[in-house]
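Structure record follows, encoded as structure tokens.
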Amino acid sequence: MKNILVIGSTGQIGSELTVELRRRYPQGNVVAGYISGAKPTGELAESGPSSIVDIINEQQIAETVSRYKIDTIYNLAALLSAVAEAKPLLAWKIGIGGLFNVLEVAREMRCAVFTPSSIGAFGPDAPKDRTPQDTVRSPHTMYGVTKVTGELLSDYYFIKYGVDTRSVRFPGLISYVAPPGGGTTDYAVDIFYSAVKGEKFVCPIASGTFMDMMYMPDGVNAAIRLMEADPRRLRHRNAFNIASMSFDPEIICNQIKRYRPEFEMTYDIDPLRQKIAASWPNSLDDTCAREEWGWSPVYDLDSMTQDMLAKLSLKL
């Protein structure tokens, strides 16, 4: 990678991935692609070039790729799980129609493409604990349907046209930089904001509901490491399970209380988010990612908790 376009650069993942890519690739162009009304600000705006890139506009994507001589596209445009259930047509238009546009530009202009998948690609028929890399994918949400379709479409473009497509199935991502955006796992971000503000947290997910989670620095590193990996080692492409930690609301609450003993949590279950969460795996088996490109997370629950509380205390 040298010249990189990040579509969706102002979102939850893109806002941190773009800045980290600029740190690691200072001699190239890392272009922050954004939609009208979501212009980059702060470090994201000041650290490199930016361009309006609406994923549903193929010509706009192609013009930006040509202008900056892009060789790698990070396609991060998508609606998160709960939002996608409320707006299924828009979720498909962005997640699959937009992906088609990106892959066509990549095919014509010889770019590599990273498009994230998710634990949401699995449904209730998949094994719940240490869900294997290769198993049934039968999601019951539009979010999951777009993720499975995206995996298959990306593999098709690799097999049919030789487009270098790669992907990971992200767990819930926890970050102090971008605010929560409507994901089922976002309670694990909201809970830290409440703790730092000294507020009682009202949890929308039931006790005993385990989901895979990951601290954003590990997620960003995974997205970069995979695109840097030797393609000869990749037996899989779209998409690799990656894992870091798995917990339920009680576990993360008690972890926070180790450092904020006064913290309190109650429950008010959101039926939609609970239904989605219950259909997802408790934990993923990421053996293939570890063997094929050396994946290994840095943060566990304790180190993430300490860092989130410290960073949010400064931010707020």
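Following the order of the structure tokens, chains are lettered A, B, ..., residues in each are numbered from 1, and ligands are numbered from 1.
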Would you mind listing what lies within 12 Å of A:Val105 as a compact mmCIF listing (two decimals) with C-alpha atoms, in the first residue's frame, with only C-alpha atoms counted and same-chain residues fewer than 6 positions away left out?
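Result file is part-v8.txt:
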```txt
# COMPACT_ATOMS: atom_id res chain seq x y z
CA ILE A 55 -20.16 5.30 -2.28
CA ASN A 57 -21.59 7.45 -6.99
CA GLU A 58 -19.23 5.20 -8.98
CA GLN A 59 -17.89 8.09 -11.07
CA GLN A 60 -16.96 10.01 -7.95
CA ILE A 61 -15.04 7.02 -6.62
CA ALA A 62 -13.23 6.55 -9.96
CA GLU A 63 -12.28 10.21 -10.22
CA THR A 64 -10.77 10.21 -6.73
CA VAL A 65 -8.88 6.98 -7.37
CA SER A 66 -7.47 8.45 -10.58
CA ILE A 70 -4.97 5.10 -5.34
CA ASP A 71 -3.81 1.49 -5.07
CA THR A 72 -5.83 0.43 -1.99
CA ILE A 73 -9.42 1.23 -0.99
CA ASN A 75 -14.54 0.65 2.02
CA GLY A 98 -21.97 0.75 -2.90
CA LEU A 99 -19.71 -2.30 -2.70
CA CYS A 111 -6.88 -1.52 -6.61
CA ALA A 112 -6.93 -3.77 -3.56
CA VAL A 113 -10.10 -3.55 -1.47
CA TYR A 157 -14.39 -10.47 -7.67
CA TYR A 161 -11.34 -10.87 -11.92
CA VAL A 163 -9.26 -8.15 -7.49
```
Can I get the residues of stretch 35-121 of chain A within 9 Å of stretch 230-241 of chain A, each with the closest pair of atoms and their distance in Å to one decimal, using only C-alpha atoms, sorted chain first then ascending number, as CSV?
```
residue,atom,partner,partner_atom,distance
A:Thr115,CA,A:Asn238,CA,8.6
A:Pro116,CA,A:Ala239,CA,7.8
A:Ser117,CA,A:Ala239,CA,6.5
A:Ser118,CA,A:Asn241,CA,8.5
A:Ile119,CA,A:Asn241,CA,8.0
```
Include N, CA, C and O atoms and write out the residues we just selected as a short mmCIF file (atom, residue, chain, number, x, y, z; two decimals), in the first residue's frame.
```
data_model
loop_
_atom_site.label_atom_id
_atom_site.label_comp_id
_atom_site.auth_asym_id
_atom_site.auth_seq_id
_atom_site.Cartn_x
_atom_site.Cartn_y
_atom_site.Cartn_z
N THR A 115 -13.14 -4.49 2.80
CA THR A 115 -14.52 -4.19 3.17
C THR A 115 -14.85 -4.98 4.43
O THR A 115 -14.91 -6.21 4.38
N PRO A 116 -15.06 -4.34 5.56
CA PRO A 116 -15.25 -5.09 6.79
C PRO A 116 -16.54 -5.87 6.82
O PRO A 116 -17.59 -5.41 6.38
N SER A 117 -16.46 -7.09 7.35
CA SER A 117 -17.64 -7.86 7.68
C SER A 117 -17.82 -7.78 9.19
O SER A 117 -17.26 -6.89 9.85
N SER A 118 -18.58 -8.69 9.77
CA SER A 118 -18.97 -8.55 11.16
C SER A 118 -19.38 -9.89 11.76
O SER A 118 -19.72 -10.83 11.04
N ILE A 119 -19.39 -9.95 13.09
CA ILE A 119 -19.99 -11.10 13.76
C ILE A 119 -21.46 -11.24 13.39
O ILE A 119 -22.04 -12.32 13.52
#
```
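Look at A:Glu262: the protein and nucleic acid residues within 12 Å of it, using only C-alpha atoms and passing over chain neighbours fewer than 4 places away, are Ser194, Ala195, Val196, Lys197, Gly198, Glu199, Lys200, Phe201, Cys253, Asn254, Ile256, Lys257 and Arg258 of chain A.
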(message) I need the residues of stretch 101-169 of chain A that end up classed as alpha helix (DSSP H) by DSSP on the backbone, written out as number ranges by chain.
(response) A: 101-109, 142-161
Dump as a compact mmCIF listing (two decimals), in the first residue's frame, selection limited to N, CA, C and O atoms:
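out.txt, written as the output of this step:
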```txt
# COMPACT_ATOMS: atom_id res chain seq x y z
N ASN A 101 -20.02 -0.73 -6.67
CA ASN A 101 -19.31 0.41 -7.27
C ASN A 101 -17.82 0.36 -6.96
O ASN A 101 -16.98 0.59 -7.83
N VAL A 102 -17.50 0.09 -5.70
CA VAL A 102 -16.09 0.04 -5.30
C VAL A 102 -15.35 -1.08 -6.03
O VAL A 102 -14.24 -0.89 -6.54
N LEU A 103 -15.97 -2.25 -6.11
CA LEU A 103 -15.31 -3.39 -6.75
C LEU A 103 -15.14 -3.17 -8.25
O LEU A 103 -14.13 -3.59 -8.84
N GLU A 104 -16.09 -2.52 -8.88
CA GLU A 104 -15.95 -2.23 -10.31
C GLU A 104 -14.81 -1.25 -10.57
O GLU A 104 -14.02 -1.43 -11.49
N VAL A 105 -14.72 -0.22 -9.74
CA VAL A 105 -13.60 0.72 -9.87
C VAL A 105 -12.29 -0.01 -9.61
O VAL A 105 -11.30 0.18 -10.33
N ALA A 106 -12.26 -0.86 -8.60
CA ALA A 106 -11.04 -1.61 -8.28
C ALA A 106 -10.65 -2.54 -9.42
O ALA A 106 -9.46 -2.71 -9.72
N ARG A 107 -11.63 -3.16 -10.03
CA ARG A 107 -11.35 -4.06 -11.17
C ARG A 107 -10.75 -3.29 -12.34
O ARG A 107 -9.76 -3.73 -12.94
N GLU A 108 -11.31 -2.14 -12.64
CA GLU A 108 -10.86 -1.36 -13.79
C GLU A 108 -9.54 -0.64 -13.52
O GLU A 108 -8.74 -0.46 -14.45
N MET A 109 -9.29 -0.27 -12.27
CA MET A 109 -8.13 0.56 -11.96
C MET A 109 -7.11 -0.16 -11.09
O MET A 109 -6.18 0.45 -10.56
N MET A 142 -31.05 -7.58 8.33
CA MET A 142 -30.58 -7.01 7.07
C MET A 142 -29.10 -6.68 7.16
O MET A 142 -28.36 -6.84 6.18
N TYR A 143 -28.65 -6.22 8.31
CA TYR A 143 -27.22 -5.95 8.52
C TYR A 143 -26.41 -7.21 8.22
O TYR A 143 -25.44 -7.18 7.46
N GLY A 144 -26.82 -8.34 8.79
CA GLY A 144 -26.11 -9.59 8.56
C GLY A 144 -26.20 -10.06 7.13
O GLY A 144 -25.22 -10.56 6.56
N VAL A 145 -27.37 -9.87 6.50
CA VAL A 145 -27.54 -10.27 5.10
C VAL A 145 -26.57 -9.49 4.21
O VAL A 145 -25.95 -10.06 3.31
N THR A 146 -26.41 -8.19 4.46
CA THR A 146 -25.48 -7.41 3.64
C THR A 146 -24.04 -7.84 3.89
O THR A 146 -23.22 -7.82 2.96
N LYS A 147 -23.72 -8.25 5.12
CA LYS A 147 -22.35 -8.68 5.41
C LYS A 147 -22.02 -9.99 4.71
O LYS A 147 -20.94 -10.15 4.13
N VAL A 148 -22.94 -10.96 4.76
CA VAL A 148 -22.70 -12.23 4.07
C VAL A 148 -22.62 -12.01 2.57
O VAL A 148 -21.73 -12.54 1.89
N THR A 149 -23.53 -11.22 2.03
CA THR A 149 -23.50 -10.93 0.59
C THR A 149 -22.20 -10.23 0.21
O THR A 149 -21.61 -10.53 -0.83
N GLY A 150 -21.76 -9.31 1.05
CA GLY A 150 -20.50 -8.62 0.78
C GLY A 150 -19.31 -9.55 0.77
O GLY A 150 -18.40 -9.41 -0.05
N GLU A 151 -19.30 -10.51 1.69
CA GLU A 151 -18.21 -11.50 1.71
C GLU A 151 -18.20 -12.30 0.40
O GLU A 151 -17.14 -12.48 -0.22
N LEU A 152 -19.37 -12.78 -0.01
CA LEU A 152 -19.46 -13.59 -1.21
C LEU A 152 -19.12 -12.78 -2.46
O LEU A 152 -18.42 -13.27 -3.37
N LEU A 153 -19.60 -11.55 -2.51
CA LEU A 153 -19.32 -10.70 -3.67
C LEU A 153 -17.84 -10.37 -3.77
O LEU A 153 -17.26 -10.37 -4.87
N SER A 154 -17.22 -10.11 -2.64
CA SER A 154 -15.78 -9.82 -2.64
C SER A 154 -14.97 -11.03 -3.08
O SER A 154 -14.01 -10.91 -3.85
N ASP A 155 -15.35 -12.22 -2.60
CA ASP A 155 -14.69 -13.44 -3.06
C ASP A 155 -14.89 -13.64 -4.57
O ASP A 155 -13.97 -14.06 -5.28
N TYR A 156 -16.08 -13.35 -5.06
CA TYR A 156 -16.36 -13.49 -6.50
C TYR A 156 -15.43 -12.61 -7.33
O TYR A 156 -14.87 -13.06 -8.34
N TYR A 157 -15.26 -11.37 -6.90
CA TYR A 157 -14.39 -10.47 -7.67
C TYR A 157 -12.93 -10.91 -7.61
O TYR A 157 -12.16 -10.67 -8.55
N PHE A 158 -12.53 -11.56 -6.53
CA PHE A 158 -11.17 -12.11 -6.48
C PHE A 158 -11.04 -13.30 -7.42
O PHE A 158 -10.09 -13.39 -8.21
N ILE A 159 -11.99 -14.22 -7.35
CA ILE A 159 -11.91 -15.43 -8.17
C ILE A 159 -12.11 -15.13 -9.65
O ILE A 159 -11.39 -15.64 -10.51
N LYS A 160 -13.08 -14.27 -9.96
CA LYS A 160 -13.44 -14.00 -11.35
C LYS A 160 -12.48 -13.02 -12.02
O LYS A 160 -12.08 -13.21 -13.17
N TYR A 161 -12.10 -11.96 -11.29
CA TYR A 161 -11.34 -10.87 -11.92
C TYR A 161 -9.96 -10.63 -11.32
O TYR A 161 -9.21 -9.80 -11.80
```
(message) For the strand (DSSP E or B) assignment from backbone DSSP, which residues of stretch 39-243 of chain A qualify? Please present them as a PyMOL selection string.
(response) chain A and resi 50-52+72-75+112-114+117-118+131+165-166+168-170+172-174+201-203+211-215+240-241
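If you measure from each of A:Gly183, A:Pro40, A:Gly48, A:Gly14 to A:Ser81 using only C-alpha atoms, the closest one turns out to be A:Gly183.
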